[in-house]
Amino acid sequence: MASPGEVVDGKGPGTAHWVSPANGRHADGLVATVELDGNGVTTWLEARAFGLALPADAVVRGFSVKVVRRGDDFQEITDEGVALLRSGTPTPTKRSLPGFWASLPKLDTVTYGGATDTWGETWTAADVASPTFGVAFAARGQEAAAAEAQVDHIELTVHFERCKP
């Protein structure tokens, strides 16, 4: 498992921009935030530069993404989607969890993907080692009133095995 070297506010899928996105690098209580009006959707919160180095003969079997997150109000924020970044671009396959995010003061840790989930793609050790490989995360507001989404940390685990000759 690894934490990102950088977390930035990306483009799309929505138009609500993340403030202080670098706060998503560490689980330290400092959060990246975004204000959502009504059913607004955030831009991607992009975590990359994980510094991962797999053996050259590694076969990637899956990815687990953990996100520490919360909303500032009860039942106002849901997942828009989580995607992996290949060459800095979100892959077409996205993951999301049903239900509303936990609300203040609780931070909730959720996991997307798993040991056998390649998110619909084939990956190499070089793909994973790229500084533009990573995770893209977006949220959606659910009520007419404004709400704030908060992300404290994004963590990535690459599940792999070595090829045997």
# chains A, B, ... in the order shown; residues from 1 in each chain; ligands from 1
call {"tool": "closest_atom_pairs", "arguments": {"of": "stretch 60-124 of chain A", "to": "stretch 15-27 of chain A", "cutoff": "10 Å", "atoms": "only C-alpha atoms", "output": "tab-separated table"}}
result
residue	atom	partner	partner_atom	distance
A:Val67	CA	A:Gly24	CA	9.0
A:Val68	CA	A:Ala27	CA	7.6
A:Arg69	CA	A:Gly24	CA	9.5
call {"tool": "write_last_selection", "arguments": {"atoms": "all heavy atoms", "output": "PDB file, in the first residue's frame"}}
result
ATOM      1  N   VAL A  67     -10.174   5.328   0.625  1.00  0.00           N
ATOM      2  CA  VAL A  67     -10.383   6.767   0.720  1.00  0.00           C
ATOM      3  C   VAL A  67     -10.963   7.072   2.098  1.00  0.00           C
ATOM      4  O   VAL A  67     -11.923   6.423   2.534  1.00  0.00           O
ATOM      5  CB  VAL A  67     -11.342   7.270  -0.381  1.00  0.00           C
ATOM      6  CG1 VAL A  67     -11.573   8.773  -0.255  1.00  0.00           C
ATOM      7  CG2 VAL A  67     -10.786   6.930  -1.764  1.00  0.00           C
ATOM      8  N   VAL A  68     -10.364   8.042   2.768  1.00  0.00           N
ATOM      9  CA  VAL A  68     -10.868   8.518   4.053  1.00  0.00           C
ATOM     10  C   VAL A  68     -11.640   9.797   3.744  1.00  0.00           C
ATOM     11  O   VAL A  68     -11.077  10.768   3.238  1.00  0.00           O
ATOM     12  CB  VAL A  68      -9.721   8.782   5.048  1.00  0.00           C
ATOM     13  CG1 VAL A  68     -10.272   9.274   6.376  1.00  0.00           C
ATOM     14  CG2 VAL A  68      -8.875   7.532   5.230  1.00  0.00           C
ATOM     15  N   ARG A  69     -12.964   9.784   4.023  1.00  0.00           N
ATOM     16  CA  ARG A  69     -13.830  10.861   3.545  1.00  0.00           C
ATOM     17  C   ARG A  69     -14.987  11.117   4.498  1.00  0.00           C
ATOM     18  O   ARG A  69     -15.292  10.290   5.353  1.00  0.00           O
ATOM     19  CB  ARG A  69     -14.379  10.504   2.173  1.00  0.00           C
ATOM     20  CG  ARG A  69     -15.210   9.211   2.212  1.00  0.00           C
ATOM     21  CD  ARG A  69     -15.703   8.838   0.832  1.00  0.00           C
ATOM     22  NE  ARG A  69     -16.312   7.547   0.717  1.00  0.00           N
ATOM     23  CZ  ARG A  69     -17.563   7.228   0.994  1.00  0.00           C
ATOM     24  NH1 ARG A  69     -18.385   8.108   1.482  1.00  0.00           N
ATOM     25  NH2 ARG A  69     -18.020   6.018   0.804  1.00  0.00           N
TER      26      ARG A  69
END
call {"tool": "residues_around", "arguments": {"residues": "A:Val59", "least_positions_apart": "3", "cutoff": "12 Å", "atoms": "only C-alpha atoms", "output": "list in words"}}
result
Leu54, Pro55, Ala56, Gly62, Phe63, Thr116, Thr118, Thr122, Trp123, Thr124, Ala125, Ala126, Asp127, Val128, Val158, His159, Phe160, Glu161, Arg162, Cys163 and Lys164 of chain A
call {"tool": "select_by_dssp", "arguments": {"residues": "chain A", "states": "helix (DSSP H, G or I)", "output": "ChimeraX atom specification"}}
result
/A:21-25,125-129
call {"tool": "write_last_selection", "arguments": {"atoms": "C-alpha atoms", "output": "PDB file, in the first residue's frame"}}
result
ATOM      1  CA  PRO A  21      -6.263  19.051  -2.756  1.00  0.00           C
ATOM      2  CA  ALA A  22      -2.764  18.263  -1.419  1.00  0.00           C
ATOM      3  CA  ASN A  23      -4.388  17.667   1.987  1.00  0.00           C
ATOM      4  CA  GLY A  24      -5.518  14.308   0.554  1.00  0.00           C
ATOM      5  CA  ARG A  25      -1.935  12.984   0.645  1.00  0.00           C
ATOM      6  CA  ALA A 125       4.736  -2.994 -13.929  1.00  0.00           C
ATOM      7  CA  ALA A 126       5.693  -0.001 -16.118  1.00  0.00           C
ATOM      8  CA  ASP A 127       2.102   1.322 -16.058  1.00  0.00           C
ATOM      9  CA  VAL A 128       2.057   1.218 -12.266  1.00  0.00           C
ATOM     10  CA  ALA A 129       5.516   2.807 -11.935  1.00  0.00           C
TER      11      ALA A 129
END
call {"tool": "select_by_dssp", "arguments": {"residues": "stretch 99-154 of chain A", "states": "strand (DSSP E or B)", "output": "ChimeraX atom specification"}}
result
/A:103,108-114,134-141,147-154
call {"tool": "residues_around", "arguments": {"residues": "A:Thr91", "least_positions_apart": "6", "cutoff": "12 Å", "atoms": "only C-alpha atoms", "output": "JSON, numbers by chain"}}
result
{"A": [81, 82, 83, 84, 85, 118, 119, 120, 121, 122, 123, 133, 134, 135, 136, 137]}
call {"tool": "write_last_selection", "arguments": {"atoms": "all heavy atoms", "output": "short mmCIF file (atom, residue, chain, number, x, y, z; two decimals), in the first residue's frame"}}
result
data_model
loop_
_atom_site.label_atom_id
_atom_site.label_comp_id
_atom_site.auth_asym_id
_atom_site.auth_seq_id
_atom_site.Cartn_x
_atom_site.Cartn_y
_atom_site.Cartn_z
N GLY A 81 -17.86 8.66 -8.47
CA GLY A 81 -17.09 7.58 -9.04
C GLY A 81 -15.61 7.65 -8.69
O GLY A 81 -15.10 8.71 -8.33
N VAL A 82 -14.97 6.50 -8.81
CA VAL A 82 -13.54 6.37 -8.60
C VAL A 82 -13.00 5.65 -9.83
O VAL A 82 -13.57 4.64 -10.26
CB VAL A 82 -13.21 5.56 -7.33
CG1 VAL A 82 -11.70 5.47 -7.13
CG2 VAL A 82 -13.88 6.17 -6.12
N ALA A 83 -11.92 6.17 -10.40
CA ALA A 83 -11.30 5.54 -11.56
C ALA A 83 -9.80 5.47 -11.34
O ALA A 83 -9.25 6.21 -10.52
CB ALA A 83 -11.59 6.34 -12.83
N LEU A 84 -9.13 4.58 -12.04
CA LEU A 84 -7.68 4.57 -12.04
C LEU A 84 -7.21 5.50 -13.16
O LEU A 84 -7.90 5.70 -14.15
CB LEU A 84 -7.15 3.16 -12.25
CG LEU A 84 -7.50 2.17 -11.14
CD1 LEU A 84 -6.94 0.78 -11.48
CD2 LEU A 84 -6.97 2.63 -9.79
N LEU A 85 -6.03 6.09 -12.96
CA LEU A 85 -5.44 6.96 -13.97
C LEU A 85 -4.38 6.19 -14.74
O LEU A 85 -3.47 5.61 -14.15
CB LEU A 85 -4.76 8.17 -13.31
CG LEU A 85 -5.66 9.17 -12.59
CD1 LEU A 85 -4.82 10.16 -11.79
CD2 LEU A 85 -6.53 9.90 -13.59
N THR A 118 -9.03 -5.61 -11.60
CA THR A 118 -8.12 -4.80 -12.42
C THR A 118 -8.83 -3.60 -13.04
O THR A 118 -8.26 -2.91 -13.88
CB THR A 118 -7.45 -5.63 -13.54
OG1 THR A 118 -8.47 -6.15 -14.38
CG2 THR A 118 -6.58 -6.74 -12.97
N TRP A 119 -10.06 -3.38 -12.66
CA TRP A 119 -10.86 -2.24 -13.10
C TRP A 119 -11.02 -2.25 -14.63
O TRP A 119 -10.99 -1.22 -15.29
CB TRP A 119 -10.27 -0.93 -12.61
CG TRP A 119 -10.20 -0.82 -11.11
CD1 TRP A 119 -9.64 -1.75 -10.26
CD2 TRP A 119 -10.68 0.22 -10.28
NE1 TRP A 119 -9.75 -1.33 -8.96
CE2 TRP A 119 -10.37 -0.12 -8.93
CE3 TRP A 119 -11.32 1.41 -10.53
CZ2 TRP A 119 -10.70 0.69 -7.87
CZ3 TRP A 119 -11.64 2.22 -9.45
CH2 TRP A 119 -11.34 1.85 -8.15
N GLY A 120 -11.16 -3.47 -15.20
CA GLY A 120 -11.43 -3.61 -16.62
C GLY A 120 -10.25 -3.38 -17.54
O GLY A 120 -10.43 -3.24 -18.74
N GLU A 121 -9.05 -3.33 -16.99
CA GLU A 121 -7.86 -3.03 -17.78
C GLU A 121 -6.79 -4.09 -17.57
O GLU A 121 -6.83 -4.84 -16.59
CB GLU A 121 -7.27 -1.67 -17.36
CG GLU A 121 -8.22 -0.50 -17.48
CD GLU A 121 -8.33 0.04 -18.88
OE1 GLU A 121 -7.31 0.02 -19.61
OE2 GLU A 121 -9.43 0.48 -19.26
N THR A 122 -5.83 -4.13 -18.47
CA THR A 122 -4.63 -4.94 -18.30
C THR A 122 -3.50 -3.97 -17.95
O THR A 122 -3.32 -2.95 -18.63
CB THR A 122 -4.30 -5.71 -19.59
OG1 THR A 122 -5.41 -6.57 -19.88
CG2 THR A 122 -3.05 -6.55 -19.41
N TRP A 123 -2.74 -4.30 -16.91
CA TRP A 123 -1.71 -3.40 -16.40
C TRP A 123 -0.35 -4.08 -16.38
O TRP A 123 -0.27 -5.27 -16.10
CB TRP A 123 -2.07 -2.95 -14.98
CG TRP A 123 -3.37 -2.24 -14.89
CD1 TRP A 123 -4.60 -2.80 -14.69
CD2 TRP A 123 -3.59 -0.84 -15.02
NE1 TRP A 123 -5.57 -1.83 -14.68
CE2 TRP A 123 -4.98 -0.61 -14.88
CE3 TRP A 123 -2.76 0.25 -15.24
CZ2 TRP A 123 -5.54 0.66 -14.94
CZ3 TRP A 123 -3.32 1.52 -15.30
CH2 TRP A 123 -4.70 1.71 -15.15
N PHE A 133 0.39 7.51 -13.24
CA PHE A 133 -0.55 6.47 -12.81
C PHE A 133 -1.13 6.88 -11.47
O PHE A 133 -0.45 7.47 -10.63
CB PHE A 133 0.18 5.12 -12.65
CG PHE A 133 -0.65 4.09 -11.95
CD1 PHE A 133 -1.67 3.42 -12.60
CD2 PHE A 133 -0.42 3.80 -10.61
CE1 PHE A 133 -2.44 2.48 -11.93
CE2 PHE A 133 -1.18 2.86 -9.94
CZ PHE A 133 -2.19 2.19 -10.61
N GLY A 134 -2.40 6.59 -11.24
CA GLY A 134 -2.97 6.92 -9.95
C GLY A 134 -4.45 6.67 -9.86
O GLY A 134 -5.00 5.79 -10.53
N VAL A 135 -5.10 7.48 -9.03
CA VAL A 135 -6.51 7.34 -8.70
C VAL A 135 -7.21 8.67 -8.91
O VAL A 135 -6.67 9.73 -8.55
CB VAL A 135 -6.67 6.91 -7.22
CG1 VAL A 135 -8.13 6.85 -6.82
CG2 VAL A 135 -5.97 5.60 -6.96
N ALA A 136 -8.40 8.63 -9.51
CA ALA A 136 -9.24 9.82 -9.67
C ALA A 136 -10.53 9.59 -8.89
O ALA A 136 -11.15 8.54 -9.00
CB ALA A 136 -9.54 10.06 -11.15
N PHE A 137 -10.93 10.57 -8.10
CA PHE A 137 -12.06 10.43 -7.18
C PHE A 137 -12.99 11.63 -7.33
O PHE A 137 -12.52 12.78 -7.36
CB PHE A 137 -11.52 10.35 -5.75
CG PHE A 137 -12.57 10.17 -4.71
CD1 PHE A 137 -13.10 8.92 -4.45
CD2 PHE A 137 -13.04 11.25 -3.98
CE1 PHE A 137 -14.08 8.74 -3.49
CE2 PHE A 137 -14.02 11.08 -3.01
CZ PHE A 137 -14.54 9.82 -2.78
#
call {"tool": "closest_residue", "arguments": {"among": "A:Asn39, A:Gln150, A:Thr132, A:Ser64", "to": "A:Thr89", "atoms": "only C-alpha atoms"}}
result
A:Thr132
call {"tool": "closest_residue", "arguments": {"among": "A:Glu35, A:Leu156, A:Asp108, A:Leu45", "to": "A:Val7", "atoms": "only C-alpha atoms"}}
result
A:Leu45
call {"tool": "atom_distance", "arguments": {"atom1": "atom CA of A:Gly88", "atom2": "atom CA of A:Gly38"}}
result
29.0 Å
call {"tool": "residues_around", "arguments": {"residues": "stretch 73-75 of chain A", "least_positions_apart": "5", "cutoff": "7 Å", "atoms": "only C-alpha atoms", "output": "compact mmCIF listing (two decimals) with C-alpha atoms, in the first residue's frame"}}
result
# COMPACT_ATOMS: atom_id res chain seq x y z
CA PHE A 100 -24.43 8.51 1.78
CA TRP A 101 -21.05 9.47 3.18
CA SER A 103 -20.91 13.21 8.26
CA LEU A 104 -19.02 15.45 10.67
CA ALA A 147 -22.89 20.69 1.27
call {"tool": "closest_residue", "arguments": {"among": "A:Arg95, A:Arg86, A:Lys11, A:Arg70", "to": "A:Thr111", "atoms": "only C-alpha atoms"}}
result
A:Arg95
call {"tool": "atom_distance", "arguments": {"atom1": "atom CA of A:Ala2", "atom2": "atom CA of A:Glu155"}}
result
5.7 Å
call {"tool": "atom_distance", "arguments": {"atom1": "atom CA of A:Arg61", "atom2": "atom CA of A:Tyr112"}}
result
14.5 Å
call {"tool": "residues_around", "arguments": {"residues": "A:Glu6", "least_positions_apart": "2", "cutoff": "6 Å", "atoms": "only C-alpha atoms", "output": "CSV table (one decimal) with N, CA, C and O atoms, in the first residue's frame"}}
result
chain,number,residue,atom,x,y,z
A,4,PRO,N,0.0,8.8,-2.1
A,4,PRO,CA,0.4,9.5,-3.3
A,4,PRO,C,1.5,10.6,-3.0
A,4,PRO,O,1.5,11.1,-1.9
A,47,ALA,N,-5.0,11.6,-7.4
A,47,ALA,CA,-3.9,11.2,-6.6
A,47,ALA,C,-2.9,10.4,-7.5
A,47,ALA,O,-3.3,9.5,-8.1
A,48,ARG,N,-1.7,10.8,-7.5
A,48,ARG,CA,-0.7,10.2,-8.4
A,48,ARG,C,0.7,10.2,-7.8
A,48,ARG,O,0.9,10.7,-6.7
call {"tool": "decode", "arguments": {"residues": "stretch 58-74 of chain A", "atoms": "all heavy atoms", "output": "CSV table (one decimal), in the first residue's frame"}}
result
chain,number,residue,atom,x,y,z
A,58,ALA,N,6.2,-8.9,-12.8
A,58,ALA,CA,5.0,-8.9,-12.1
A,58,ALA,C,3.8,-9.0,-13.0
A,58,ALA,O,3.7,-8.3,-14.0
A,58,ALA,CB,4.9,-7.7,-11.2
A,59,VAL,N,2.8,-9.7,-12.5
A,59,VAL,CA,1.5,-9.7,-13.2
A,59,VAL,C,0.5,-9.1,-12.2
A,59,VAL,O,0.3,-9.6,-11.1
A,59,VAL,CB,1.0,-11.2,-13.5
A,59,VAL,CG1,-0.4,-11.2,-14.0
A,59,VAL,CG2,2.0,-11.9,-14.4
A,60,VAL,N,-0.1,-8.0,-12.6
A,60,VAL,CA,-1.0,-7.2,-11.8
A,60,VAL,C,-2.3,-8.0,-11.7
A,60,VAL,O,-2.9,-8.2,-12.8
A,60,VAL,CB,-1.2,-5.8,-12.3
A,60,VAL,CG1,-2.2,-5.0,-11.4
A,60,VAL,CG2,0.2,-5.0,-12.3
A,61,ARG,N,-2.8,-8.3,-10.5
A,61,ARG,CA,-4.0,-9.0,-10.3
A,61,ARG,C,-5.2,-8.1,-9.9
A,61,ARG,O,-6.3,-8.5,-10.0
A,61,ARG,CB,-3.8,-10.1,-9.3
A,61,ARG,CG,-2.8,-11.2,-9.7
A,61,ARG,CD,-3.3,-11.9,-10.9
A,61,ARG,NE,-2.3,-13.0,-11.3
A,61,ARG,CZ,-2.2,-13.5,-12.5
A,61,ARG,NH1,-3.0,-13.1,-13.4
A,61,ARG,NH2,-1.4,-14.5,-12.7
A,62,GLY,N,-4.9,-7.0,-9.3
A,62,GLY,CA,-6.0,-6.1,-8.8
A,62,GLY,C,-5.5,-4.9,-8.1
A,62,GLY,O,-4.3,-4.8,-7.8
A,63,PHE,N,-6.4,-4.0,-7.8
A,63,PHE,CA,-6.1,-2.7,-7.1
A,63,PHE,C,-7.2,-2.5,-6.0
A,63,PHE,O,-8.3,-2.7,-6.3
A,63,PHE,CB,-6.1,-1.5,-8.1
A,63,PHE,CG,-5.1,-1.6,-9.2
A,63,PHE,CD1,-5.5,-2.2,-10.4
A,63,PHE,CD2,-3.9,-1.1,-9.0
A,63,PHE,CE1,-4.6,-2.2,-11.4
A,63,PHE,CE2,-2.9,-1.2,-10.0
A,63,PHE,CZ,-3.3,-1.7,-11.2
A,64,SER,N,-6.7,-2.1,-4.9
A,64,SER,CA,-7.6,-1.7,-3.8
A,64,SER,C,-7.3,-0.2,-3.5
A,64,SER,O,-6.1,0.2,-3.3
A,64,SER,CB,-7.4,-2.4,-2.5
A,64,SER,OG,-7.6,-3.8,-2.7
A,65,VAL,N,-8.3,0.6,-3.5
A,65,VAL,CA,-8.2,2.0,-3.2
A,65,VAL,C,-9.0,2.3,-2.0
A,65,VAL,O,-10.2,2.1,-1.9
A,65,VAL,CB,-8.8,2.9,-4.4
A,65,VAL,CG1,-8.8,4.4,-4.1
A,65,VAL,CG2,-8.0,2.6,-5.7
A,66,LYS,N,-8.3,2.9,-1.0
A,66,LYS,CA,-8.9,3.3,0.3
A,66,LYS,C,-9.0,4.8,0.3
A,66,LYS,O,-8.0,5.5,0.0
A,66,LYS,CB,-8.1,2.8,1.5
A,66,LYS,CG,-8.3,1.4,1.8
A,66,LYS,CD,-7.6,1.0,3.1
A,66,LYS,CE,-7.8,-0.5,3.3
A,66,LYS,NZ,-7.1,-0.9,4.6
A,67,VAL,N,-10.2,5.3,0.6
A,67,VAL,CA,-10.4,6.8,0.7
A,67,VAL,C,-11.0,7.1,2.1
A,67,VAL,O,-11.9,6.4,2.5
A,67,VAL,CB,-11.3,7.3,-0.4
A,67,VAL,CG1,-11.6,8.8,-0.3
A,67,VAL,CG2,-10.8,6.9,-1.8
A,68,VAL,N,-10.4,8.0,2.8
A,68,VAL,CA,-10.9,8.5,4.1
A,68,VAL,C,-11.6,9.8,3.7
A,68,VAL,O,-11.1,10.8,3.2
A,68,VAL,CB,-9.7,8.8,5.0
A,68,VAL,CG1,-10.3,9.3,6.4
A,68,VAL,CG2,-8.9,7.5,5.2
A,69,ARG,N,-13.0,9.8,4.0
A,69,ARG,CA,-13.8,10.9,3.5
A,69,ARG,C,-15.0,11.1,4.5
A,69,ARG,O,-15.3,10.3,5.4
A,69,ARG,CB,-14.4,10.5,2.2
A,69,ARG,CG,-15.2,9.2,2.2
A,69,ARG,CD,-15.7,8.8,0.8
A,69,ARG,NE,-16.3,7.5,0.7
A,69,ARG,CZ,-17.6,7.2,1.0
A,69,ARG,NH1,-18.4,8.1,1.5
A,69,ARG,NH2,-18.0,6.0,0.8
A,70,ARG,N,-15.6,12.3,4.3
A,70,ARG,CA,-16.9,12.6,5.0
A,70,ARG,C,-17.5,13.8,4.4
A,70,ARG,O,-16.9,14.5,3.6
A,70,ARG,CB,-16.6,12.9,6.5
A,70,ARG,CG,-15.9,14.2,6.7
A,70,ARG,CD,-15.7,14.5,8.2
A,70,ARG,NE,-14.7,15.6,8.3
A,70,ARG,CZ,-13.8,15.7,9.3
A,70,ARG,NH1,-13.8,14.8,10.3
A,70,ARG,NH2,-13.0,16.7,9.3
A,71,GLY,N,-18.8,14.0,4.7
A,71,GLY,CA,-19.5,15.2,4.3
A,71,GLY,C,-19.7,16.0,5.5
A,71,GLY,O,-19.6,15.6,6.6
A,72,ASP,N,-20.1,17.3,5.3
A,72,ASP,CA,-20.3,18.2,6.4
A,72,ASP,C,-21.7,18.1,7.0
A,72,ASP,O,-22.0,18.7,8.0
A,72,ASP,CB,-19.8,19.6,6.1
A,72,ASP,CG,-20.8,20.3,5.2
A,72,ASP,OD1,-21.6,19.7,4.5
A,72,ASP,OD2,-20.8,21.6,5.2
A,73,ASP,N,-22.6,17.4,6.3
A,73,ASP,CA,-23.9,17.3,6.7
A,73,ASP,C,-24.5,15.9,6.4
A,73,ASP,O,-24.0,15.3,5.5
A,73,ASP,CB,-24.8,18.4,6.0
A,73,ASP,CG,-26.0,18.8,6.8
A,73,ASP,OD1,-26.3,18.1,7.8
A,73,ASP,OD2,-26.7,19.7,6.4
A,74,PHE,N,-25.4,15.5,7.2
A,74,PHE,CA,-26.0,14.1,7.1
A,74,PHE,C,-26.7,13.9,5.7
A,74,PHE,O,-27.6,14.8,5.4
A,74,PHE,CB,-26.9,13.9,8.3
A,74,PHE,CG,-27.5,12.5,8.3
A,74,PHE,CD1,-26.7,11.4,8.5
A,74,PHE,CD2,-28.9,12.3,8.2
A,74,PHE,CE1,-27.2,10.1,8.6
A,74,PHE,CE2,-29.4,11.1,8.2
A,74,PHE,CZ,-28.6,10.0,8.4
